[in-house]
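Trainee: Dropping in data.cif, which is mmCIF, C-alpha atoms and all ligand atoms:
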data_entry
#
loop_
_atom_site.label_atom_id
_atom_site.label_comp_id
_atom_site.auth_asym_id
_atom_site.auth_seq_id
_atom_site.Cartn_x
_atom_site.Cartn_y
_atom_site.Cartn_z
CA MET I 1 113.95 106.22 11.89
CA SER I 2 111.40 107.33 14.46
CA ILE I 3 110.32 104.98 17.23
CA LYS I 4 106.89 103.38 16.92
CA ALA I 5 104.55 101.94 19.56
CA ILE I 6 104.98 98.23 20.33
CA ARG I 7 102.79 95.74 18.45
CA GLY I 8 99.49 95.25 20.26
CA PHE I 9 99.83 98.53 22.19
CA LYS I 10 97.69 101.41 21.01
CA ASP I 11 97.47 105.14 21.53
CA VAL I 12 94.08 106.60 22.37
CA LEU I 13 94.13 109.87 20.46
CA PRO I 14 92.32 113.10 21.47
CA ASP I 15 89.77 112.53 18.69
CA GLU I 16 88.76 109.21 20.23
CA ILE I 17 88.98 110.10 23.89
CA GLY I 18 85.39 111.36 23.94
CA TRP I 19 84.20 107.74 23.63
CA TRP I 20 86.25 106.72 26.65
CA GLN I 21 85.07 109.65 28.72
CA LYS I 22 81.47 108.97 27.76
CA VAL I 23 81.63 105.27 28.63
CA GLU I 24 83.54 105.80 31.86
CA GLY I 25 81.29 108.68 32.91
CA ILE I 26 78.04 106.76 32.32
CA ALA I 27 79.41 103.60 33.93
CA SER I 28 80.66 105.34 37.05
CA GLY I 29 77.34 107.19 37.44
CA ILE I 30 75.39 103.92 37.30
CA LEU I 31 77.86 102.15 39.59
CA ASP I 32 77.58 104.97 42.07
CA GLY I 33 73.81 104.50 42.10
CA PHE I 34 74.31 100.84 43.02
CA GLY I 35 76.76 101.73 45.81
CA TYR I 36 80.07 100.76 44.20
CA LYS I 37 83.29 102.60 45.04
CA GLU I 38 86.32 102.87 42.83
CA LEU I 39 89.40 100.83 43.69
CA ARG I 40 92.78 101.48 42.04
CA VAL I 41 95.26 98.67 42.36
CA PRO I 42 98.80 98.59 40.92
CA ILE I 43 99.49 97.49 37.37
CA VAL I 44 102.41 95.34 38.52
CA GLU I 45 102.05 92.52 41.05
CA ARG I 46 104.09 89.48 42.04
CA THR I 47 103.87 86.77 39.37
CA GLU I 48 102.85 84.28 42.04
CA LEU I 49 99.61 86.18 42.70
CA PHE I 50 98.37 85.47 39.17
CA ALA I 51 99.65 81.91 39.07
CA ARG I 52 97.80 81.15 42.30
CA SER I 53 94.55 82.88 41.46
CA ILE I 54 94.03 82.49 37.72
CA GLY I 55 95.43 78.96 37.69
CA GLU I 56 98.68 77.44 36.42
CA ASP I 57 96.92 75.55 33.62
CA THR I 58 95.16 78.49 32.03
CA ASP I 59 96.14 80.13 28.74
CA ILE I 60 96.84 83.36 30.56
CA VAL I 61 99.35 81.96 33.03
CA GLU I 62 100.86 79.43 30.64
CA LYS I 63 101.61 81.72 27.75
CA GLU I 64 100.16 85.20 27.94
CA MET I 65 101.76 87.01 30.86
CA PHE I 66 104.27 89.84 30.57
CA SER I 67 106.60 88.71 33.36
CA PHE I 68 110.05 90.00 34.20
CA SER I 69 112.59 89.97 37.00
CA ASP I 70 113.15 93.20 38.86
CA ARG I 71 116.63 94.29 39.99
CA HIS I 72 116.46 92.01 43.00
CA GLY I 73 115.51 89.01 40.91
CA ASP I 74 111.85 88.95 42.08
CA SER I 75 109.43 87.80 39.38
CA LEU I 76 106.86 90.49 38.64
CA THR I 77 104.03 90.58 36.10
CA LEU I 78 102.04 93.28 34.34
CA ARG I 79 98.53 92.44 35.45
CA PRO I 80 96.61 90.31 32.92
CA GLU I 81 93.36 91.05 34.80
CA VAL I 82 92.24 93.00 37.84
CA THR I 83 90.46 90.53 40.10
CA ALA I 84 93.64 88.96 41.52
CA GLY I 85 94.97 92.38 42.54
CA ALA I 86 91.60 93.43 43.94
CA ALA I 87 91.37 90.27 46.05
CA ARG I 88 94.95 90.83 47.22
CA ALA I 89 94.10 94.40 48.25
CA LEU I 90 90.96 93.24 50.03
CA ILE I 91 92.96 90.73 52.08
CA GLU I 92 95.89 93.05 52.69
CA HIS I 93 93.71 95.90 53.98
CA ASN I 94 91.22 93.64 55.73
CA LEU I 95 88.34 95.26 53.87
CA ALA I 96 85.85 92.45 54.34
CA ALA I 97 86.27 92.08 58.10
CA ASP I 98 82.85 93.40 59.12
CA GLY I 99 80.98 90.86 57.02
CA ARG I 100 79.12 93.50 55.02
CA PRO I 101 79.01 93.66 51.22
CA VAL I 102 82.19 95.15 49.74
CA LYS I 103 81.58 96.60 46.29
CA PHE I 104 84.39 97.78 44.02
CA TYR I 105 84.89 98.87 40.48
CA SER I 106 88.03 99.75 38.59
CA VAL I 107 88.97 100.95 35.15
CA GLY I 108 92.44 100.42 33.79
CA PRO I 109 94.82 98.61 31.48
CA ASN I 110 95.65 94.91 31.47
CA PHE I 111 98.35 93.11 29.54
CA ARG I 112 98.27 89.78 27.76
CA TYR I 113 100.72 88.43 25.25
CA GLU I 114 98.13 87.38 22.67
CA ARG I 115 98.29 87.61 18.90
CA PRO I 116 96.93 91.06 18.07
CA GLN I 117 93.87 91.17 15.80
CA LYS I 118 90.59 93.04 15.57
CA GLY I 119 89.29 93.38 19.14
CA ARG I 120 92.42 91.86 20.63
CA GLN I 121 95.43 93.81 21.82
CA ARG I 122 98.32 93.22 24.17
CA GLN I 123 97.35 96.20 26.29
CA PHE I 124 93.59 96.56 26.69
CA TYR I 125 91.35 98.37 29.13
CA GLN I 126 88.66 96.82 31.24
CA LEU I 127 85.91 98.00 33.49
CA ASN I 128 85.95 95.60 36.40
CA VAL I 129 83.14 95.28 38.91
CA GLU I 130 83.29 93.06 41.99
CA VAL I 131 81.30 92.23 45.11
CA TYR I 132 82.78 90.41 48.11
CA ASN I 133 81.09 88.99 51.16
CA VAL I 134 77.71 88.23 49.58
CA ALA I 135 76.78 84.62 48.81
CA HIS I 136 73.14 85.32 48.01
CA PRO I 137 72.11 84.65 44.39
CA TYR I 138 70.36 88.02 44.25
CA VAL I 139 73.72 89.72 44.05
CA ASP I 140 74.58 87.62 40.98
CA ALA I 141 71.41 88.93 39.36
CA GLU I 142 72.05 92.46 40.55
CA LEU I 143 75.49 92.49 38.93
CA ILE I 144 74.09 91.25 35.64
CA LEU I 145 71.32 93.83 35.84
CA LEU I 146 73.81 96.58 36.62
CA TRP I 147 75.87 95.55 33.63
CA THR I 148 72.88 95.63 31.29
CA ARG I 149 72.09 99.12 32.62
CA ILE I 150 75.60 100.24 31.70
CA LEU I 151 75.32 98.72 28.23
CA ALA I 152 71.93 100.35 27.71
CA GLY I 153 73.21 103.60 29.22
CA VAL I 154 75.97 103.91 26.63
CA GLY I 155 73.51 102.97 23.89
CA LEU I 156 74.82 99.54 22.95
CA GLN I 157 72.33 97.37 21.12
CA ASP I 158 72.18 93.75 20.04
CA ILE I 159 73.90 92.38 23.10
CA GLN I 160 72.88 89.06 24.53
CA MET I 161 73.53 88.03 28.12
CA HIS I 162 74.43 84.34 28.51
CA VAL I 163 74.37 82.65 31.90
CA ASN I 164 75.38 79.25 33.20
CA SER I 165 76.43 77.52 36.40
CA LEU I 166 79.75 75.72 36.78
CA GLY I 167 78.86 74.08 40.09
CA CYS I 168 81.09 73.99 43.12
CA ALA I 169 83.71 71.82 44.83
CA ALA I 170 80.92 69.42 45.82
CA CYS I 171 79.56 68.70 42.34
CA ARG I 172 82.15 69.75 39.77
CA PRO I 173 84.74 66.98 40.33
CA ALA I 174 82.17 64.26 39.57
CA TYR I 175 81.05 66.18 36.50
CA ASN I 176 84.65 66.67 35.36
CA GLN I 177 85.10 62.91 35.51
CA LYS I 178 81.91 62.34 33.54
CA LEU I 179 83.08 64.79 30.92
CA LYS I 180 86.48 63.13 30.72
CA ASP I 181 84.83 59.72 30.32
CA PHE I 182 82.86 61.17 27.44
CA LEU I 183 85.91 62.77 25.81
CA LYS I 184 88.22 59.78 26.29
CA ASP I 185 87.05 57.95 23.18
CA ARG I 186 86.92 61.14 21.14
CA LEU I 187 90.37 62.53 21.89
CA GLU I 188 91.60 62.30 18.33
CA ASN I 189 88.79 64.65 17.22
CA LEU I 190 89.99 67.39 19.56
CA CYS I 191 92.43 70.14 18.64
CA GLU I 192 95.93 70.04 20.07
CA ASP I 193 95.09 72.55 22.82
CA CYS I 194 92.04 70.56 23.89
CA GLN I 195 93.97 67.29 23.98
CA ARG I 196 96.13 68.99 26.58
CA ARG I 197 93.10 70.52 28.32
CA TYR I 198 91.60 67.05 28.63
CA ASP I 199 94.06 66.42 31.45
CA THR I 200 94.43 69.86 32.94
CA ASN I 201 91.10 71.62 32.50
CA PRO I 202 88.50 69.54 30.60
CA LEU I 203 85.74 72.15 31.05
CA ARG I 204 87.57 74.42 28.63
CA VAL I 205 87.01 71.93 25.82
CA LEU I 206 83.34 72.94 25.92
CA ASP I 207 83.92 76.45 24.62
CA CYS I 208 86.80 75.79 22.25
CA LYS I 209 86.34 77.80 19.07
CA SER I 210 87.64 74.99 16.83
CA LYS I 211 84.88 73.53 14.67
CA THR I 212 85.71 69.89 15.28
CA CYS I 213 85.89 70.42 19.04
CA ALA I 214 82.51 72.17 18.97
CA GLU I 215 81.04 69.27 16.99
CA THR I 216 82.60 66.73 19.32
CA VAL I 217 81.02 68.20 22.45
CA THR I 218 77.47 68.62 21.15
CA GLU I 219 76.46 65.45 22.95
CA ALA I 220 78.71 65.93 25.97
CA PRO I 221 77.17 65.77 29.47
CA LEU I 222 76.30 69.20 30.85
CA MET I 223 77.23 70.65 34.22
CA LEU I 224 73.70 72.00 34.58
CA ASP I 225 72.37 68.42 34.74
CA GLU I 226 74.88 67.50 37.43
CA LEU I 227 74.56 70.41 39.87
CA CYS I 228 74.28 69.54 43.56
CA PRO I 229 70.99 70.66 45.17
CA GLU I 230 72.58 73.81 46.63
CA CYS I 231 74.07 74.90 43.29
CA ALA I 232 70.81 74.07 41.49
CA GLU I 233 68.84 76.19 43.95
CA HIS I 234 71.34 79.02 43.66
CA PHE I 235 71.04 79.02 39.88
CA GLU I 236 67.23 78.89 40.09
CA LEU I 237 67.20 81.95 42.31
CA VAL I 238 69.59 83.85 40.04
CA GLN I 239 67.19 83.27 37.16
CA LYS I 240 64.16 84.18 39.24
CA ALA I 241 65.79 87.47 40.25
CA LEU I 242 66.82 88.21 36.65
CA THR I 243 63.29 87.62 35.46
CA SER I 244 61.82 89.78 38.18
CA ALA I 245 64.27 92.55 37.24
CA ASN I 246 63.23 92.22 33.56
CA VAL I 247 66.74 91.31 32.42
CA SER I 248 66.70 89.32 29.23
CA TYR I 249 69.16 86.42 29.24
CA VAL I 250 69.68 82.96 27.82
CA VAL I 251 70.91 79.92 29.69
CA THR I 252 73.90 78.61 27.74
CA PRO I 253 74.91 75.26 29.23
CA ARG I 254 78.26 75.17 27.41
CA LEU I 255 79.37 78.59 28.62
CA VAL I 256 82.57 78.23 30.63
CA ARG I 257 85.21 80.81 31.42
CA GLY I 258 88.94 80.76 30.80
CA LEU I 259 90.04 81.29 34.37
CA ASP I 260 90.16 78.55 36.97
CA TYR I 261 88.70 80.43 39.86
CA TYR I 262 85.04 80.47 38.81
CA THR I 263 82.34 78.63 40.77
CA ARG I 264 78.57 78.52 40.28
CA THR I 265 77.21 81.41 38.22
CA VAL I 266 79.14 82.49 35.14
CA PHE I 267 77.93 84.98 32.55
CA GLU I 268 79.05 86.64 29.38
CA ALA I 269 77.77 89.54 27.24
CA GLN I 270 78.08 88.54 23.60
CA THR I 271 77.52 90.19 20.27
CA GLY I 272 77.49 88.88 16.72
CA LYS I 273 79.31 91.97 15.49
CA LEU I 274 82.89 91.35 16.59
CA GLY I 275 83.77 88.27 14.58
CA ALA I 276 85.75 85.71 16.56
CA GLN I 277 86.03 88.04 19.56
CA ASN I 278 82.31 87.82 20.33
CA ALA I 279 82.51 88.53 24.08
CA VAL I 280 82.26 92.12 25.22
CA GLY I 281 82.94 90.85 28.68
CA GLY I 282 82.32 88.11 31.15
CA GLY I 283 82.28 87.24 34.77
CA GLY I 284 81.06 84.96 37.45
CA ARG I 285 81.36 83.83 41.04
CA TYR I 286 84.71 83.01 42.58
CA ASP I 287 83.79 81.90 46.05
CA ASN I 288 87.13 80.17 46.70
CA LEU I 289 89.49 82.82 45.40
CA VAL I 290 90.01 84.88 48.53
CA LYS I 291 90.60 81.80 50.65
CA ASN I 292 93.00 80.36 48.06
CA LEU I 293 95.00 83.55 48.25
CA GLY I 294 95.40 83.17 51.98
CA GLY I 295 92.48 85.39 53.01
CA PRO I 296 89.23 84.68 54.85
CA ASP I 297 86.70 82.22 53.43
CA ILE I 298 84.35 84.74 51.83
CA PRO I 299 82.27 84.59 48.67
CA ALA I 300 82.92 86.87 45.71
CA ILE I 301 81.56 87.65 42.27
CA GLY I 302 82.46 90.05 39.49
CA PHE I 303 82.69 90.81 35.81
CA ALA I 304 85.08 92.50 33.43
CA MET I 305 84.15 94.29 30.25
CA GLY I 306 86.67 95.14 27.51
CA LEU I 307 86.48 98.85 26.76
CA GLU I 308 88.14 98.75 23.31
CA ARG I 309 85.57 96.21 22.16
CA LEU I 310 82.71 98.19 23.63
CA ILE I 311 83.91 101.41 22.01
CA MET I 312 84.47 99.66 18.69
CA LEU I 313 80.83 98.57 18.74
CA LEU I 314 79.55 101.97 19.79
CA SER I 315 81.50 103.85 17.15
CA GLU I 316 79.98 101.67 14.43
CA ASP I 317 76.45 102.82 15.33
CA GLN I 318 76.84 106.26 16.86
CA GLU I 319 78.38 109.62 16.09
CA LEU I 320 80.44 111.02 18.90
CA ASP I 321 78.99 114.25 20.12
CA SER I 322 82.03 116.50 20.66
CA PRO I 323 80.95 120.07 21.26
CA GLY I 324 83.24 122.93 20.26
CA PRO I 325 84.26 125.85 22.48
CA ASP I 326 81.62 128.30 23.68
CA LEU I 327 83.83 131.14 22.55
CA PHE I 328 86.78 131.59 20.23
CA MET I 329 89.03 134.63 20.68
CA ALA I 330 89.87 135.93 17.23
CA SER I 331 92.76 138.21 18.15
CA LEU I 332 94.56 139.51 15.09
CA ASP I 333 97.83 141.00 16.33
CA ASP I 334 100.14 141.08 19.36
CA ALA I 335 98.31 143.90 21.17
CA ALA I 336 94.95 142.13 20.70
CA ARG I 337 96.42 138.91 21.99
CA GLU I 338 97.31 140.61 25.28
CA LEU I 339 93.70 141.62 25.81
CA ALA I 340 92.25 138.38 24.47
CA PHE I 341 94.43 136.42 26.87
CA THR I 342 93.08 138.34 29.85
CA PHE I 343 89.45 138.13 28.66
CA ALA I 344 89.70 134.43 27.83
CA ASN I 345 91.03 133.52 31.26
CA ALA I 346 88.41 135.63 33.06
CA ILE I 347 85.61 134.02 31.03
CA ARG I 348 87.05 130.51 31.55
CA ALA I 349 87.02 131.19 35.29
CA GLN I 350 83.21 131.52 35.00
CA GLY I 351 82.94 127.99 33.59
CA PHE I 352 82.96 128.63 29.85
CA ARG I 353 85.05 126.77 27.30
CA VAL I 354 87.22 129.36 25.57
CA GLU I 355 89.84 128.81 22.85
CA MET I 356 92.44 131.18 21.52
CA GLU I 357 95.54 131.15 19.37
CA TYR I 358 98.76 132.97 20.05
CA THR I 359 100.44 134.20 16.89
CA PRO I 360 99.01 137.08 14.80
CA ALA I 361 96.77 136.01 11.92
CA SER I 362 94.24 137.48 9.49
CA LEU I 363 90.55 137.70 10.32
CA LYS I 364 89.82 135.24 7.54
CA SER I 365 92.15 132.64 8.96
CA ARG I 366 90.77 133.13 12.49
CA MET I 367 87.17 132.73 11.31
CA LYS I 368 88.08 129.61 9.42
CA ARG I 369 89.60 128.18 12.56
CA ALA I 370 86.55 129.13 14.67
CA GLY I 371 84.34 127.32 12.16
CA LYS I 372 86.54 124.25 12.23
CA LEU I 373 86.44 124.15 16.03
CA LYS I 374 82.65 124.57 15.94
CA ALA I 375 82.77 127.58 18.27
CA ASP I 376 79.36 129.02 19.19
CA TRP I 377 80.63 132.58 19.55
CA VAL I 378 83.67 134.50 18.30
CA PHE I 379 85.12 137.65 19.81
CA ILE I 380 86.95 139.64 17.13
CA LEU I 381 89.72 141.87 18.35
CA GLY I 382 92.19 143.60 16.01
CA PRO I 383 93.89 147.02 15.75
CA ASP I 384 90.65 148.72 14.53
CA GLU I 385 88.62 147.34 17.42
CA ILE I 386 91.26 148.36 19.95
CA SER I 387 91.39 151.93 18.59
CA ARG I 388 87.57 152.13 18.72
CA GLY I 389 87.51 150.61 22.21
CA GLN I 390 84.93 148.06 20.96
CA GLY I 391 85.40 144.42 20.10
CA ILE I 392 82.95 142.48 17.91
CA LEU I 393 81.01 139.54 19.30
CA ARG I 394 79.67 137.23 16.62
CA ASN I 395 77.06 134.54 17.06
CA MET I 396 78.24 131.85 14.68
CA GLY I 397 74.93 130.00 14.45
CA ALA I 398 72.83 133.05 13.67
CA GLY I 399 75.53 134.90 11.72
CA THR I 400 74.78 138.13 13.63
CA GLN I 401 77.18 140.40 15.50
CA GLU I 402 77.37 143.36 17.85
CA ASP I 403 79.94 145.72 19.32
CA VAL I 404 81.07 145.13 22.89
CA PRO I 405 82.90 147.87 24.81
CA LEU I 406 86.34 146.60 25.79
CA ASP I 407 86.17 147.98 29.32
CA GLU I 408 83.12 145.77 30.02
CA ALA I 409 83.98 142.94 27.64
CA VAL I 410 84.04 140.05 30.11
CA THR I 411 80.62 140.73 31.70
CA LYS I 412 78.96 141.63 28.40
CA ILE I 413 80.25 138.55 26.59
CA ILE I 414 79.22 136.27 29.45
CA ASN I 415 75.74 137.80 29.64
CA ARG I 416 75.29 137.47 25.93
CA MET I 417 76.42 133.84 25.93
CA LYS I 418 74.15 133.04 28.85
CA LYS I 419 71.20 134.58 27.06
CA GLY I 420 72.17 132.42 24.12
CA ASP I 421 70.03 134.02 21.43
CA ALA I 422 71.12 135.87 18.35
CA VAL I 423 72.36 139.45 18.70
P1 LIG N 1 88.49 87.96 30.36
O1 LIG N 1 89.19 88.58 31.51
O2 LIG N 1 89.40 87.13 29.49
O3 LIG N 1 87.23 87.28 30.71
O4 LIG N 1 88.08 89.16 29.42
C1 LIG N 1 86.99 89.98 29.68
C2 LIG N 1 86.84 90.94 28.54
O5 LIG N 1 88.02 91.73 28.39
C3 LIG N 1 86.70 90.26 27.18
O6 LIG N 1 85.38 89.88 26.93
C4 LIG N 1 87.15 91.36 26.25
O7 LIG N 1 86.14 92.31 26.02
C5 LIG N 1 88.26 91.99 27.02
N1 LIG N 1 89.55 91.43 26.60
C6 LIG N 1 90.18 90.34 27.07
N2 LIG N 1 91.34 90.14 26.46
C7 LIG N 1 91.46 91.15 25.55
C8 LIG N 1 92.47 91.53 24.60
N3 LIG N 1 93.59 90.84 24.46
N4 LIG N 1 92.24 92.64 23.84
C9 LIG N 1 91.11 93.35 23.97
N5 LIG N 1 90.14 93.06 24.87
C10 LIG N 1 90.31 91.96 25.65
#
Could you rewrite the structure in this file as structure tokens?
Mentor:
Amino acid sequence: MSIKAIRGFKDVLPDEIGWWQKVEGIASGILDGFGYKELRVPIVERTELFARSIGEDTDIVEKEMFSFSDRHGDSLTLRPEVTAGAARALIEHNLAADGRPVKFYSVGPNFRYERPQKGRQRQFYQLNVEVYNVAHPYVDAELILLWTRILAGVGLQDIQMHVNSLGCAACRPAYNQKLKDFLKDRLENLCEDCQRRYDTNPLRVLDCKSKTCAETVTEAPLMLDELCPECAEHFELVQKALTSANVSYVVTPRLVRGLDYYTRTVFEAQTGKLGAQNAVGGGGRYDNLVKNLGGPDIPAIGFAMGLERLIMLLSEDQELDSPGPDLFMASLDDAARELAFTFANAIRAQGFRVEMEYTPASLKSRMKRAGKLKADWVFILGPDEISRGQGILRNMGAGTQEDVPLDEAVTKIINRMKKGDAV
């Protein structure tokens, strides 16, 4: 029996890759315009890095990590997200030392041992965008704006940006207690996970997907009502900047995020089209993360967007535009292949997309192939053409053709393709 891919791990096939290239190309162009540079961090890190940054009591660290011992017995983990590795790299290479904004993005796979379903895999790709060293609320707004530009740039519609504030070390503990007081008498209405979260991470109860949990928290106190003056002002300014940048958003007081490290602003891009997996991505501030990892006390903020989910949404509404070759070399026998090979490579060197095949075939079969590939032009070269010293260049769109002398074939074909019109 042949070997199959592991459950939750998917191939991206050549037919689909155009979506990925489109999304990554548009995103990196927009990010470049906002001054972000790409960062590539390893896929494997020490397990401790994730336990310390994401939080011991989170779903990810408790039950979703792919961890293993290496040959020396060190515990390593396939990264479940990128931020921990990015913060590690920032500290290790002292990238924030001059106090200026540090702006990164990365694209790559992450690994979580979750139950695979629509929009949820065990290996999934994310675009990650992060800013370090800027505490000002305008950068929160700028990141959200930048993200909406990327979503608009790829043509995604019906996306709603949700924002909230989770407060800080000054105001969250008192709120946590208030929330626990509220939940204490209602524990039996909570799902098993939330009964556990009550002790470890009560905020998470607020965005539990279970119906009874959602009903239970409708009257729960809200962090937004308990923000300290500094957090309240920060959140005000984020909203002011979003409004002035014409970003449409809704304040969603029950929005929390699954990772422990968030402070103040959190945000999520949601859609109604993905069923239970309604988040295309999310992010927020993590002003304590770098310090908690042993680095300097510097603020940070970022977001991560799931590329499979984004592409799933795009492919429901759009056709992928995948252009065929500019030219297809229809060589019919071995002698023609020799010439076609030389011509094709010379024409490719001038920046054209040229396809050819290598075994002899009939003209009919070559033309069928050219049509299937959606070639704009075909150069026909068989024994007759070689004995005449003239190949035939056919414009597939117009259905017209002309002879091209073989000793000038490369220049003539290129000129004709540049001119673009029918023969
Ligand atoms: P998170 O890091 O959990 O906030 O996830 C950010 C985004 O990554 C989500 O909104 C999804 O789009 C995507 N994502 C997270 N986990 C998965 C998964 N298991 N499969 C596919 N996409 C995921």
Trainee: Could you check how far CA of Ala344 (chain I) sits from CA of Asp15 (chain I), in Å to one decimal?
Mentor: 23.7 Å
Trainee: Using all atoms listed in the file, which protein or nucleic acid residues come within 10 Å of Arg149 (chain I)? Drop anything in the same chain fewer than 3 positions from it, and give the result as a PyMOL selection string.
Mentor: chain I and resi 26-27+30-31+143-146+152-155+247
Trainee: Give the residue list for ligand LIG 1 (chain N) at 10 Å, counting all atoms listed in the file, as a PDB file with C-alpha atoms, in the coordinates of the input, sorted by chain and then by residue number.
Mentor:
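This went into selection.pdb:
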ATOM      1  CA  GLY I   8      99.490  95.250  20.260  1.00  0.00           C
ATOM      2  CA  PHE I   9      99.830  98.530  22.190  1.00  0.00           C
ATOM      3  CA  ILE I  54      94.030  82.490  37.720  1.00  0.00           C
ATOM      4  CA  ASP I  59      96.140  80.130  28.740  1.00  0.00           C
ATOM      5  CA  ILE I  60      96.840  83.360  30.560  1.00  0.00           C
ATOM      6  CA  GLU I  64     100.160  85.200  27.940  1.00  0.00           C
ATOM      7  CA  PRO I  80      96.610  90.310  32.920  1.00  0.00           C
ATOM      8  CA  GLU I  81      93.360  91.050  34.800  1.00  0.00           C
ATOM      9  CA  VAL I  82      92.240  93.000  37.840  1.00  0.00           C
ATOM     10  CA  THR I  83      90.460  90.530  40.100  1.00  0.00           C
ATOM     11  CA  PRO I 109      94.820  98.610  31.480  1.00  0.00           C
ATOM     12  CA  ASN I 110      95.650  94.910  31.470  1.00  0.00           C
ATOM     13  CA  PHE I 111      98.350  93.110  29.540  1.00  0.00           C
ATOM     14  CA  ARG I 112      98.270  89.780  27.760  1.00  0.00           C
ATOM     15  CA  TYR I 113     100.720  88.430  25.250  1.00  0.00           C
ATOM     16  CA  GLU I 114      98.130  87.380  22.670  1.00  0.00           C
ATOM     17  CA  ARG I 115      98.290  87.610  18.900  1.00  0.00           C
ATOM     18  CA  PRO I 116      96.930  91.060  18.070  1.00  0.00           C
ATOM     19  CA  GLN I 117      93.870  91.170  15.800  1.00  0.00           C
ATOM     20  CA  LYS I 118      90.590  93.040  15.570  1.00  0.00           C
ATOM     21  CA  GLY I 119      89.290  93.380  19.140  1.00  0.00           C
ATOM     22  CA  ARG I 120      92.420  91.860  20.630  1.00  0.00           C
ATOM     23  CA  GLN I 121      95.430  93.810  21.820  1.00  0.00           C
ATOM     24  CA  ARG I 122      98.320  93.220  24.170  1.00  0.00           C
ATOM     25  CA  GLN I 123      97.350  96.200  26.290  1.00  0.00           C
ATOM     26  CA  PHE I 124      93.590  96.560  26.690  1.00  0.00           C
ATOM     27  CA  TYR I 125      91.350  98.370  29.130  1.00  0.00           C
ATOM     28  CA  GLN I 126      88.660  96.820  31.240  1.00  0.00           C
ATOM     29  CA  LEU I 127      85.910  98.000  33.490  1.00  0.00           C
ATOM     30  CA  ASN I 128      85.950  95.600  36.400  1.00  0.00           C
ATOM     31  CA  ARG I 257      85.210  80.810  31.420  1.00  0.00           C
ATOM     32  CA  GLY I 258      88.940  80.760  30.800  1.00  0.00           C
ATOM     33  CA  LEU I 259      90.040  81.290  34.370  1.00  0.00           C
ATOM     34  CA  PHE I 267      77.930  84.980  32.550  1.00  0.00           C
ATOM     35  CA  GLU I 268      79.050  86.640  29.380  1.00  0.00           C
ATOM     36  CA  ALA I 269      77.770  89.540  27.240  1.00  0.00           C
ATOM     37  CA  GLN I 270      78.080  88.540  23.600  1.00  0.00           C
ATOM     38  CA  GLN I 277      86.030  88.040  19.560  1.00  0.00           C
ATOM     39  CA  ASN I 278      82.310  87.820  20.330  1.00  0.00           C
ATOM     40  CA  ALA I 279      82.510  88.530  24.080  1.00  0.00           C
ATOM     41  CA  VAL I 280      82.260  92.120  25.220  1.00  0.00           C
ATOM     42  CA  GLY I 281      82.940  90.850  28.680  1.00  0.00           C
ATOM     43  CA  GLY I 282      82.320  88.110  31.150  1.00  0.00           C
ATOM     44  CA  GLY I 283      82.280  87.240  34.770  1.00  0.00           C
ATOM     45  CA  GLY I 284      81.060  84.960  37.450  1.00  0.00           C
ATOM     46  CA  PHE I 303      82.690  90.810  35.810  1.00  0.00           C
ATOM     47  CA  ALA I 304      85.080  92.500  33.430  1.00  0.00           C
ATOM     48  CA  MET I 305      84.150  94.290  30.250  1.00  0.00           C
ATOM     49  CA  GLY I 306      86.670  95.140  27.510  1.00  0.00           C
ATOM     50  CA  LEU I 307      86.480  98.850  26.760  1.00  0.00           C
ATOM     51  CA  GLU I 308      88.140  98.750  23.310  1.00  0.00           C
ATOM     52  CA  ARG I 309      85.570  96.210  22.160  1.00  0.00           C
ATOM     53  CA  LEU I 310      82.710  98.190  23.630  1.00  0.00           C
TER      54      LEU I 310
END
Trainee: Of the candidates I:Thr252, I:Ser28, I:Ser315, I:Thr47, which one gets nearest to Leu76 (chain I) if we count only C-alpha atoms?
Mentor: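 Going through I:Thr252, I:Ser28, I:Ser315, I:Thr47 one by one, the smallest distance to Leu76 (chain I) is for I:Thr47.
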Trainee: With all atoms listed in the file as the atoms that count, which of I:Leu363, I:Val205, I:Ala375, I:Val134 lies nearest to Pro323 (chain I)?
Mentor: I:Ala375
Trainee: Would you mind reading off the distance between CA of Phe328 (chain I) and CA of Ile17 (chain I), one decimal, in Å?
Mentor: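 Taking CA of Phe328 (chain I) and CA of Ile17 (chain I), their separation equals 21.9 Å.
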Trainee: Of the candidates I:Glu130, I:Glu24, I:Asp181, I:Glu16, which one gets nearest to Leu39 (chain I) if we count all atoms listed in the file?
Mentor: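 Among the listed residues, I:Glu130 lies closest to Leu39 (chain I).
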Trainee: Can you work out the spacing between CA of Ala135 (chain I) and CA of Arg172 (chain I) in Å, to one decimal?
Mentor: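 Separation of CA of Ala135 (chain I) and CA of Arg172 (chain I): 18.2 Å.
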Trainee: Give the answer as one residue: which of I:Pro325, I:Val410, I:Glu230, I:Arg264 has the shortest atom-to-atom distance to Thr342 (chain I), using only C-alpha atoms?
Mentor: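 Of all the options, I:Val410 lies closest to Thr342 (chain I).
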Trainee: With distances taken over all atoms listed in the file, which of I:Ala97, I:Arg388, I:Gly351, I:Gln401 is nearest to Arg416 (chain I)?
Mentor: I:Gln401
